[in-house]
file work.txt (compact mmCIF, C-alpha atoms)
# COMPACT_ATOMS: atom_id res chain seq x y z
CA MET A 223 8.79 -12.81 -18.91
CA ALA A 224 6.14 -11.04 -16.86
CA HIS A 225 2.82 -10.26 -18.53
CA SER A 226 3.14 -6.94 -20.33
CA ASP A 227 -0.50 -5.81 -20.21
CA ILE A 228 -0.55 -4.90 -16.50
CA PRO A 229 -0.31 -1.16 -15.72
CA SER A 230 2.94 -0.60 -13.85
CA ASP A 231 1.27 1.23 -10.94
CA GLN A 232 -0.93 -1.83 -10.31
CA ARG A 233 2.02 -4.23 -9.99
CA LEU A 234 2.72 -3.15 -6.40
CA ILE A 235 0.41 -4.84 -3.89
CA PHE A 236 0.65 -3.41 -0.40
CA ALA A 237 0.18 -5.94 2.41
CA MET A 238 -2.14 -4.19 4.86
CA ASP A 239 -0.85 -6.06 7.91
CA VAL A 240 -2.10 -3.84 10.73
CA PRO A 241 -4.04 -4.68 13.92
CA ASP A 242 -7.38 -3.05 13.15
CA VAL A 243 -9.56 -1.45 10.51
CA ALA A 244 -9.18 2.08 11.88
CA ARG A 245 -5.43 1.88 11.45
CA ALA A 246 -5.87 0.34 7.99
CA ARG A 247 -8.09 3.21 6.83
CA ALA A 248 -5.68 5.81 8.22
CA LEU A 249 -2.76 4.15 6.42
CA ALA A 250 -4.71 3.94 3.17
CA GLU A 251 -5.48 7.65 3.42
CA THR A 252 -1.78 8.36 3.99
CA LEU A 253 -0.74 6.27 1.00
CA GLY A 254 -3.31 7.88 -1.28
CA ASP A 255 -2.57 7.38 -4.98
CA SER A 256 0.84 5.80 -4.30
CA VAL A 257 -0.86 2.39 -3.90
CA ARG A 258 -3.57 1.01 -6.17
CA PHE A 259 -3.66 -2.59 -4.90
CA TYR A 260 -4.13 -3.86 -1.32
CA LYS A 261 -3.70 -7.30 0.24
CA LEU A 262 -6.00 -7.99 3.17
CA GLY A 263 -5.01 -10.95 5.33
CA LEU A 264 -5.80 -12.93 8.46
CA GLU A 265 -4.84 -10.29 11.01
CA LEU A 266 -7.46 -7.87 9.73
CA LEU A 267 -10.04 -10.63 9.36
CA MET A 268 -9.70 -11.49 13.04
CA SER A 269 -9.92 -7.84 14.13
CA GLY A 270 -13.47 -7.42 12.77
CA GLY A 271 -14.70 -5.13 10.02
CA TYR A 272 -12.78 -6.96 7.27
CA PHE A 273 -15.48 -6.77 4.61
CA GLU A 274 -16.44 -3.23 5.54
CA LEU A 275 -12.80 -2.27 4.90
CA LEU A 276 -12.81 -4.22 1.63
CA ASP A 277 -15.91 -2.37 0.43
CA TRP A 278 -14.44 0.97 1.58
CA LEU A 279 -11.30 0.38 -0.48
CA VAL A 280 -13.23 -0.82 -3.53
CA ALA A 281 -15.35 2.34 -3.36
CA ARG A 282 -12.07 4.28 -3.64
CA ASP A 283 -11.15 2.43 -6.85
CA LYS A 284 -8.59 0.13 -5.19
CA GLN A 285 -7.92 -3.45 -6.23
CA ILE A 286 -8.19 -6.12 -3.54
CA PHE A 287 -6.22 -9.29 -2.86
CA VAL A 288 -8.05 -11.45 -0.29
CA ASP A 289 -5.19 -13.43 1.23
CA LEU A 290 -6.92 -15.91 3.52
CA LYS A 291 -5.26 -19.06 2.11
CA PHE A 292 -8.44 -21.12 2.02
CA PHE A 293 -7.78 -24.67 3.25
CA ASP A 294 -10.71 -26.88 4.19
CA VAL A 295 -13.04 -29.51 2.81
CA PRO A 296 -13.30 -28.72 -0.95
CA ALA A 297 -17.04 -28.00 -0.83
CA THR A 298 -16.50 -25.55 2.03
CA VAL A 299 -13.68 -23.81 0.16
CA GLY A 300 -15.85 -23.53 -2.94
CA ARG A 301 -18.69 -21.94 -1.00
CA ALA A 302 -16.31 -19.54 0.75
CA VAL A 303 -14.76 -18.44 -2.54
CA SER A 304 -18.19 -17.95 -4.10
CA ARG A 305 -18.97 -15.34 -1.42
CA LEU A 306 -16.21 -13.14 -2.87
CA ARG A 307 -17.76 -12.88 -6.32
CA ASP A 308 -19.14 -9.60 -7.63
CA ARG A 309 -17.72 -7.45 -4.84
CA GLY A 310 -14.59 -6.07 -6.48
CA VAL A 311 -12.07 -8.70 -5.39
CA THR A 312 -9.25 -9.31 -7.88
CA PHE A 313 -7.27 -12.14 -6.22
CA ALA A 314 -7.90 -14.76 -3.53
CA THR A 315 -5.49 -17.41 -2.26
CA VAL A 316 -5.98 -21.12 -1.75
CA HIS A 317 -3.50 -23.41 0.02
CA GLY A 318 -4.35 -27.05 -0.42
CA ASN A 319 -4.42 -30.19 -2.53
CA GLN A 320 -5.79 -30.73 -6.03
CA SER A 321 -9.45 -31.09 -5.05
CA ILE A 322 -9.32 -27.93 -2.92
CA MET A 323 -7.80 -25.94 -5.79
CA GLU A 324 -10.34 -27.34 -8.23
CA ALA A 325 -13.23 -26.40 -5.95
CA ALA A 326 -11.92 -22.85 -5.58
CA ALA A 327 -11.40 -22.49 -9.34
CA ALA A 328 -14.90 -23.82 -10.09
CA ALA A 329 -16.49 -21.27 -7.75
CA LYS A 330 -14.33 -18.23 -8.54
CA GLY A 331 -16.56 -16.26 -10.93
CA ASP A 332 -14.80 -12.93 -11.52
CA VAL A 333 -12.13 -13.60 -8.86
CA LYS A 334 -8.69 -14.85 -9.91
CA ILE A 335 -7.48 -17.75 -7.76
CA LEU A 336 -3.83 -17.87 -6.69
CA ALA A 337 -2.40 -21.10 -5.33
CA VAL A 338 0.26 -20.79 -2.65
CA THR A 339 3.36 -22.78 -3.63
CA VAL A 340 5.89 -22.57 -0.77
CA LEU A 341 5.64 -19.76 1.78
CA THR A 342 8.56 -17.34 1.57
CA SER A 343 9.03 -17.74 5.34
CA LEU A 344 10.09 -21.38 4.76
CA ASP A 345 13.51 -22.65 3.78
CA ARG A 346 15.00 -26.10 3.19
CA GLY A 347 15.17 -26.87 6.90
CA ASP A 348 11.52 -25.95 7.41
CA LEU A 349 10.46 -28.24 4.56
CA ASP A 350 12.39 -31.08 6.16
CA ASP A 351 10.44 -30.47 9.37
CA LEU A 352 7.19 -30.65 7.40
CA GLY A 353 8.18 -33.93 5.77
CA PHE A 354 8.93 -32.65 2.27
CA LYS A 355 12.10 -34.35 1.07
CA CYS A 356 12.32 -32.61 -2.30
CA ASP A 357 14.14 -29.46 -3.41
CA VAL A 358 12.27 -26.18 -2.74
CA ALA A 359 12.29 -25.18 -6.41
CA GLU A 360 11.00 -28.59 -7.51
CA LEU A 361 8.16 -28.39 -4.99
CA VAL A 362 7.23 -24.92 -6.27
CA LEU A 363 7.18 -26.16 -9.88
CA SER A 364 5.10 -29.20 -8.98
CA ARG A 365 2.51 -27.15 -7.12
CA ALA A 366 2.38 -24.57 -9.91
CA ARG A 367 1.73 -27.23 -12.56
CA ARG A 368 -1.05 -28.73 -10.49
CA ALA A 369 -2.56 -25.29 -9.85
CA LEU A 370 -2.80 -24.60 -13.57
CA GLU A 371 -4.32 -28.04 -14.17
CA ALA A 372 -6.89 -27.32 -11.44
CA GLY A 373 -8.02 -24.12 -13.15
CA CYS A 374 -6.22 -21.60 -10.93
CA ASP A 375 -5.10 -18.34 -12.52
CA GLY A 376 -1.71 -18.02 -10.88
CA VAL A 377 0.54 -18.75 -7.97
CA VAL A 378 2.14 -17.02 -5.03
CA SER A 379 5.84 -17.76 -5.23
CA SER A 380 9.19 -16.36 -4.17
CA GLY A 381 11.01 -14.34 -6.79
CA LEU A 382 13.83 -16.85 -6.43
CA GLU A 383 11.69 -19.41 -8.27
CA ALA A 384 9.92 -17.04 -10.67
CA SER A 385 12.39 -17.52 -13.52
CA ARG A 386 12.03 -21.31 -13.38
CA LEU A 387 8.26 -20.96 -13.36
CA ARG A 388 8.46 -18.87 -16.52
CA GLU A 389 10.70 -21.43 -18.20
CA ALA A 390 8.78 -24.54 -17.18
CA ILE A 391 5.11 -23.52 -16.80
CA ASP A 392 2.54 -22.15 -19.23
CA GLN A 393 2.99 -18.40 -19.75
CA ARG A 394 -0.69 -17.82 -18.88
CA LEU A 395 0.16 -18.34 -15.21
CA LEU A 396 0.22 -15.17 -13.11
CA VAL A 397 3.12 -14.96 -10.67
CA VAL A 398 2.65 -12.92 -7.49
CA THR A 399 5.82 -12.54 -5.43
CA PRO A 400 6.01 -11.70 -1.71
CA GLY A 401 9.22 -11.51 0.32
CA ILE A 402 10.37 -8.26 -1.30
CA ARG A 403 13.12 -6.72 0.78
CA PRO A 404 16.10 -4.40 0.51
CA VAL A 405 19.44 -6.16 0.14
CA ASP A 406 20.15 -5.62 3.84
CA ASN A 407 17.41 -7.96 5.10
CA ARG A 408 16.95 -7.49 8.85
CA PRO A 409 17.99 -10.40 11.10
CA GLU A 410 14.61 -10.34 12.90
CA ASP A 411 12.68 -10.60 9.63
CA ASP A 412 10.70 -13.85 9.26
CA GLN A 413 11.01 -13.83 5.47
CA LYS A 414 13.86 -16.10 4.39
CA ARG A 415 13.63 -16.43 0.59
CA VAL A 416 13.67 -12.79 -0.46
CA VAL A 417 14.47 -10.69 -3.54
CA THR A 418 14.69 -6.99 -4.39
CA VAL A 419 12.08 -5.15 -6.45
CA PRO A 420 13.97 -5.18 -9.79
CA GLN A 421 15.12 -8.78 -9.29
CA ALA A 422 11.56 -10.01 -8.77
CA PHE A 423 10.32 -8.54 -12.04
CA ARG A 424 13.39 -9.48 -14.04
CA ASN A 425 12.87 -13.04 -12.84
CA GLY A 426 9.33 -12.97 -14.23
CA ALA A 427 6.99 -11.82 -11.45
CA ASP A 428 3.81 -10.04 -12.55
CA TYR A 429 3.10 -8.47 -9.15
CA ILE A 430 5.05 -7.96 -5.95
CA VAL A 431 3.65 -7.90 -2.42
CA VAL A 432 5.35 -5.44 -0.07
CA GLY A 433 4.40 -4.90 3.56
CA ARG A 434 6.85 -3.87 6.24
CA PRO A 435 9.22 -1.82 4.03
CA ILE A 436 6.26 0.51 3.37
CA ARG A 437 4.26 0.17 6.59
CA ASP A 438 7.24 0.69 8.90
CA ALA A 439 8.89 3.46 6.89
CA ALA A 440 9.18 6.94 8.40
CA ASP A 441 7.19 8.14 5.39
CA PRO A 442 5.06 5.24 4.01
CA ARG A 443 3.84 7.24 1.02
CA ALA A 444 7.40 8.14 0.01
CA ALA A 445 8.46 4.50 0.43
CA ALA A 446 5.61 3.33 -1.82
CA LYS A 447 6.43 6.03 -4.39
CA SER A 448 10.06 4.88 -4.41
CA ILE A 449 9.01 1.30 -5.13
CA GLN A 450 6.64 2.48 -7.87
CA SER A 451 9.54 4.36 -9.41
CA GLN A 452 11.69 1.22 -9.40
CA ILE A 453 8.87 -0.72 -11.09
CA SER A 454 8.45 1.95 -13.76
CA GLU A 455 12.17 1.78 -14.53
CA VAL A 456 12.02 -2.00 -14.99
CA PHE A 457 9.13 -1.73 -17.49
CA ALA A 458 10.26 1.46 -19.20
call {"tool": "encode", "arguments": {"input": "work.txt", "output": "structure tokens"}}
result
Amino acid sequence: MAHSDIPSDQRLIFAMDVPDVARARALAETLGDSVRFYKLGLELLMSGGYFELLDWLVARDKQIFVDLKFFDVPATVGRAVSRLRDRGVTFATVHGNQSIMEAAAAAKGDVKILAVTVLTSLDRGDLDDLGFKCDVAELVLSRARRALEAGCDGVVSSGLEASRLREAIDQRLLVVTPGIRPVDNRPEDDQKRVVTVPQAFRNGADYIVVGRPIRDAADPRAAAKSIQSQISEVFA
């Protein structure tokens, strides 16, 4: 089961995948109180003004998920993670081996570290290409166990594997689920292992990450409100 002590309106994390900070601020203003939690990723980092945007959102009482998937020499990852402390960041992602995860966990301070298991844009064929000859679900479980051993607080995982994580891994583990889509997933979408909003939470997710279904909606605020309503119904 998902952790019960998380306010329902904080369980939706909006992926702020836009080309520049000006557009990000405009979208945040449009969304208003319909979104409490924002994920800031690589696209915004490369556009400049990333940390100014982070501070701007924190000043507006928003929670922040720094999704930069730190992967480097462990000491470098540790130092990078330490720069996020005491500036209002809730989550940060790491994508690496045991020593990288351990370095991130040791340096985290007040930041919760999420280990990436298997990207939701990858399927069985993609894992074969990468040289992983195991089942997707088994790889997710293995990486989740090692993340917990390393001192990470949670994992990023498809909702398809969330129920197995809840059955097999310590209940302390936070589960953050991207790849949230309507049933009629678009053919051009690069997310392959997807679930709906209610399915993700019923499978055991604590948070969901939603991007395009809100960003590309005719009315982003209404789209976010609709998802918040679905979340409230699940936890009613």
call {"tool": "residues_around", "arguments": {"input": "work.txt", "residues": "A:Ala337", "least_positions_apart": "3", "cutoff": "9 Å", "atoms": "only C-alpha atoms", "output": "list in words"}}
result
Lys291, Ala314, Thr315, Val316, His317, Gly318, Met323, Arg365, Ala366, Ala369, Leu370, Cys374, Asp375, Gly376, Val377, Val378 and Ser379 of chain A
call {"tool": "closest_atom_pairs", "arguments": {"input": "work.txt", "of": "stretch 414-457 of chain A", "to": "stretch 257-272 of chain A", "cutoff": "9 Å", "atoms": "all atoms listed in the file", "output": "CSV"}}
result
residue,atom,partner,partner_atom,distance
A:Val431,CA,A:Lys261,CA,7.8
A:Arg443,CA,A:Val257,CA,8.4
A:Ala446,CA,A:Val257,CA,6.9
A:Lys447,CA,A:Val257,CA,8.2
A:Gln450,CA,A:Val257,CA,8.5
call {"tool": "closest_residue", "arguments": {"input": "work.txt", "among": "A:Arg247, A:Leu306, A:Ala224, A:Leu290", "to": "A:Trp278", "atoms": "only C-alpha atoms"}}
result
A:Arg247
call {"tool": "atom_distance", "arguments": {"input": "work.txt", "atom1": "atom CA of A:Glu383", "atom2": "atom CA of A:Ala359"}}
result
6.1 Å
call {"tool": "residues_around", "arguments": {"input": "work.txt", "residues": "A:Phe457", "least_positions_apart": "6", "cutoff": "9 Å", "atoms": "all atoms listed in the file", "output": "JSON, numbers by chain"}}
result
{"A": [226, 230, 423]}
call {"tool": "write_last_selection", "arguments": {"input": "work.txt", "atoms": "C-alpha atoms", "output": "mmCIF file, in the frame of the given file"}}
result
data_model
loop_
_atom_site.group_PDB
_atom_site.id
_atom_site.type_symbol
_atom_site.label_atom_id
_atom_site.label_comp_id
_atom_site.auth_asym_id
_atom_site.auth_seq_id
_atom_site.Cartn_x
_atom_site.Cartn_y
_atom_site.Cartn_z
ATOM 1 C CA SER A 226 3.140 -6.940 -20.330
ATOM 2 C CA SER A 230 2.940 -0.600 -13.850
ATOM 3 C CA PHE A 423 10.320 -8.540 -12.040
#
call {"tool": "closest_residue", "arguments": {"input": "work.txt", "among": "A:Ala439, A:Leu395, A:Ile453, A:Ile430", "to": "A:Glu371", "atoms": "only C-alpha atoms"}}
result
A:Leu395
call {"tool": "atom_distance", "arguments": {"input": "work.txt", "atom1": "atom CA of A:Ala390", "atom2": "atom CA of A:Gly433"}}
result
28.9 Å
call {"tool": "atom_distance", "arguments": {"input": "work.txt", "atom1": "atom CA of A:His225", "atom2": "atom CA of A:Leu396"}}
result
7.8 Å
call {"tool": "closest_residue", "arguments": {"input": "work.txt", "among": "A:Ala237, A:Leu336, A:Val419, A:Ile436", "to": "A:Glu455", "atoms": "only C-alpha atoms"}}
result
A:Val419
call {"tool": "closest_residue", "arguments": {"input": "work.txt", "among": "A:Ala248, A:Val243, A:Val417, A:Leu276", "to": "A:Val288", "atoms": "all atoms listed in the file"}}
result
A:Leu276
call {"tool": "closest_residue", "arguments": {"input": "work.txt", "among": "A:Leu363, A:Met238, A:Ala372, A:Ala329", "to": "A:Ile391", "atoms": "only C-alpha atoms"}}
result
A:Leu363
call {"tool": "decode", "arguments": {"input": "work.txt", "residues": "stretch 439-458 of chain A", "atoms": "N, CA and C atoms", "output": "JSON list (two decimals), in the first residue's frame"}}
result
[["chain", "number", "residue", "atom", "x", "y", "z"],
["A", 439, "ALA", "N", -2.48, 20.06, -22.58],
["A", 439, "ALA", "CA", -3.93, 20.17, -22.55],
["A", 439, "ALA", "C", -4.39, 21.56, -22.99],
["A", 440, "ALA", "N", -5.58, 21.64, -23.54],
["A", 440, "ALA", "CA", -6.14, 22.94, -23.92],
["A", 440, "ALA", "C", -6.24, 23.86, -22.70],
["A", 441, "ASP", "N", -6.53, 23.27, -21.55],
["A", 441, "ASP", "CA", -6.62, 24.01, -20.29],
["A", 441, "ASP", "C", -5.78, 23.25, -19.26],
["A", 442, "PRO", "N", -4.49, 23.58, -19.12],
["A", 442, "PRO", "CA", -3.62, 22.83, -18.19],
["A", 442, "PRO", "C", -4.12, 22.81, -16.76],
["A", 443, "ARG", "N", -4.65, 23.93, -16.29],
["A", 443, "ARG", "CA", -5.15, 23.98, -14.91],
["A", 443, "ARG", "C", -6.31, 23.00, -14.72],
["A", 444, "ALA", "N", -7.23, 22.97, -15.69],
["A", 444, "ALA", "CA", -8.36, 22.04, -15.60],
["A", 444, "ALA", "C", -7.88, 20.60, -15.64],
["A", 445, "ALA", "N", -6.87, 20.32, -16.47],
["A", 445, "ALA", "CA", -6.32, 18.96, -16.56],
["A", 445, "ALA", "C", -5.70, 18.55, -15.22],
["A", 446, "ALA", "N", -4.94, 19.46, -14.60],
["A", 446, "ALA", "CA", -4.35, 19.16, -13.30],
["A", 446, "ALA", "C", -5.42, 18.96, -12.23],
["A", 447, "LYS", "N", -6.45, 19.80, -12.26],
["A", 447, "LYS", "CA", -7.55, 19.66, -11.30],
["A", 447, "LYS", "C", -8.25, 18.32, -11.46],
["A", 448, "SER", "N", -8.42, 17.87, -12.70],
["A", 448, "SER", "CA", -9.06, 16.59, -12.96],
["A", 448, "SER", "C", -8.24, 15.44, -12.37],
["A", 449, "ILE", "N", -6.92, 15.51, -12.52],
["A", 449, "ILE", "CA", -6.06, 14.48, -11.95],
["A", 449, "ILE", "C", -6.10, 14.52, -10.43],
["A", 450, "GLN", "N", -6.10, 15.72, -9.86],
["A", 450, "GLN", "CA", -6.20, 15.85, -8.40],
["A", 450, "GLN", "C", -7.50, 15.24, -7.90],
["A", 451, "SER", "N", -8.56, 15.42, -8.66],
["A", 451, "SER", "CA", -9.85, 14.84, -8.28],
["A", 451, "SER", "C", -9.79, 13.31, -8.28],
["A", 452, "GLN", "N", -9.13, 12.75, -9.30],
["A", 452, "GLN", "CA", -8.98, 11.29, -9.36],
["A", 452, "GLN", "C", -8.17, 10.77, -8.17],
["A", 453, "ILE", "N", -7.12, 11.52, -7.80],
["A", 453, "ILE", "CA", -6.31, 11.12, -6.64],
["A", 453, "ILE", "C", -7.13, 11.16, -5.35],
["A", 454, "SER", "N", -7.91, 12.22, -5.19],
["A", 454, "SER", "CA", -8.74, 12.34, -3.98],
["A", 454, "SER", "C", -9.72, 11.19, -3.87],
["A", 455, "GLU", "N", -10.27, 10.76, -4.99],
["A", 455, "GLU", "CA", -11.22, 9.64, -4.99],
["A", 455, "GLU", "C", -10.54, 8.34, -4.55],
["A", 456, "VAL", "N", -9.29, 8.12, -4.99],
["A", 456, "VAL", "CA", -8.57, 6.92, -4.62],
["A", 456, "VAL", "C", -8.35, 6.87, -3.11],
["A", 457, "PHE", "N", -8.02, 8.02, -2.50],
["A", 457, "PHE", "CA", -7.67, 8.06, -1.09],
["A", 457, "PHE", "C", -8.81, 8.50, -0.19],
["A", 458, "ALA", "N", -10.01, 8.60, -0.76],
["A", 458, "ALA", "CA", -11.17, 9.01, 0.04],
["A", 458, "ALA", "C", -11.49, 7.96, 1.11]]
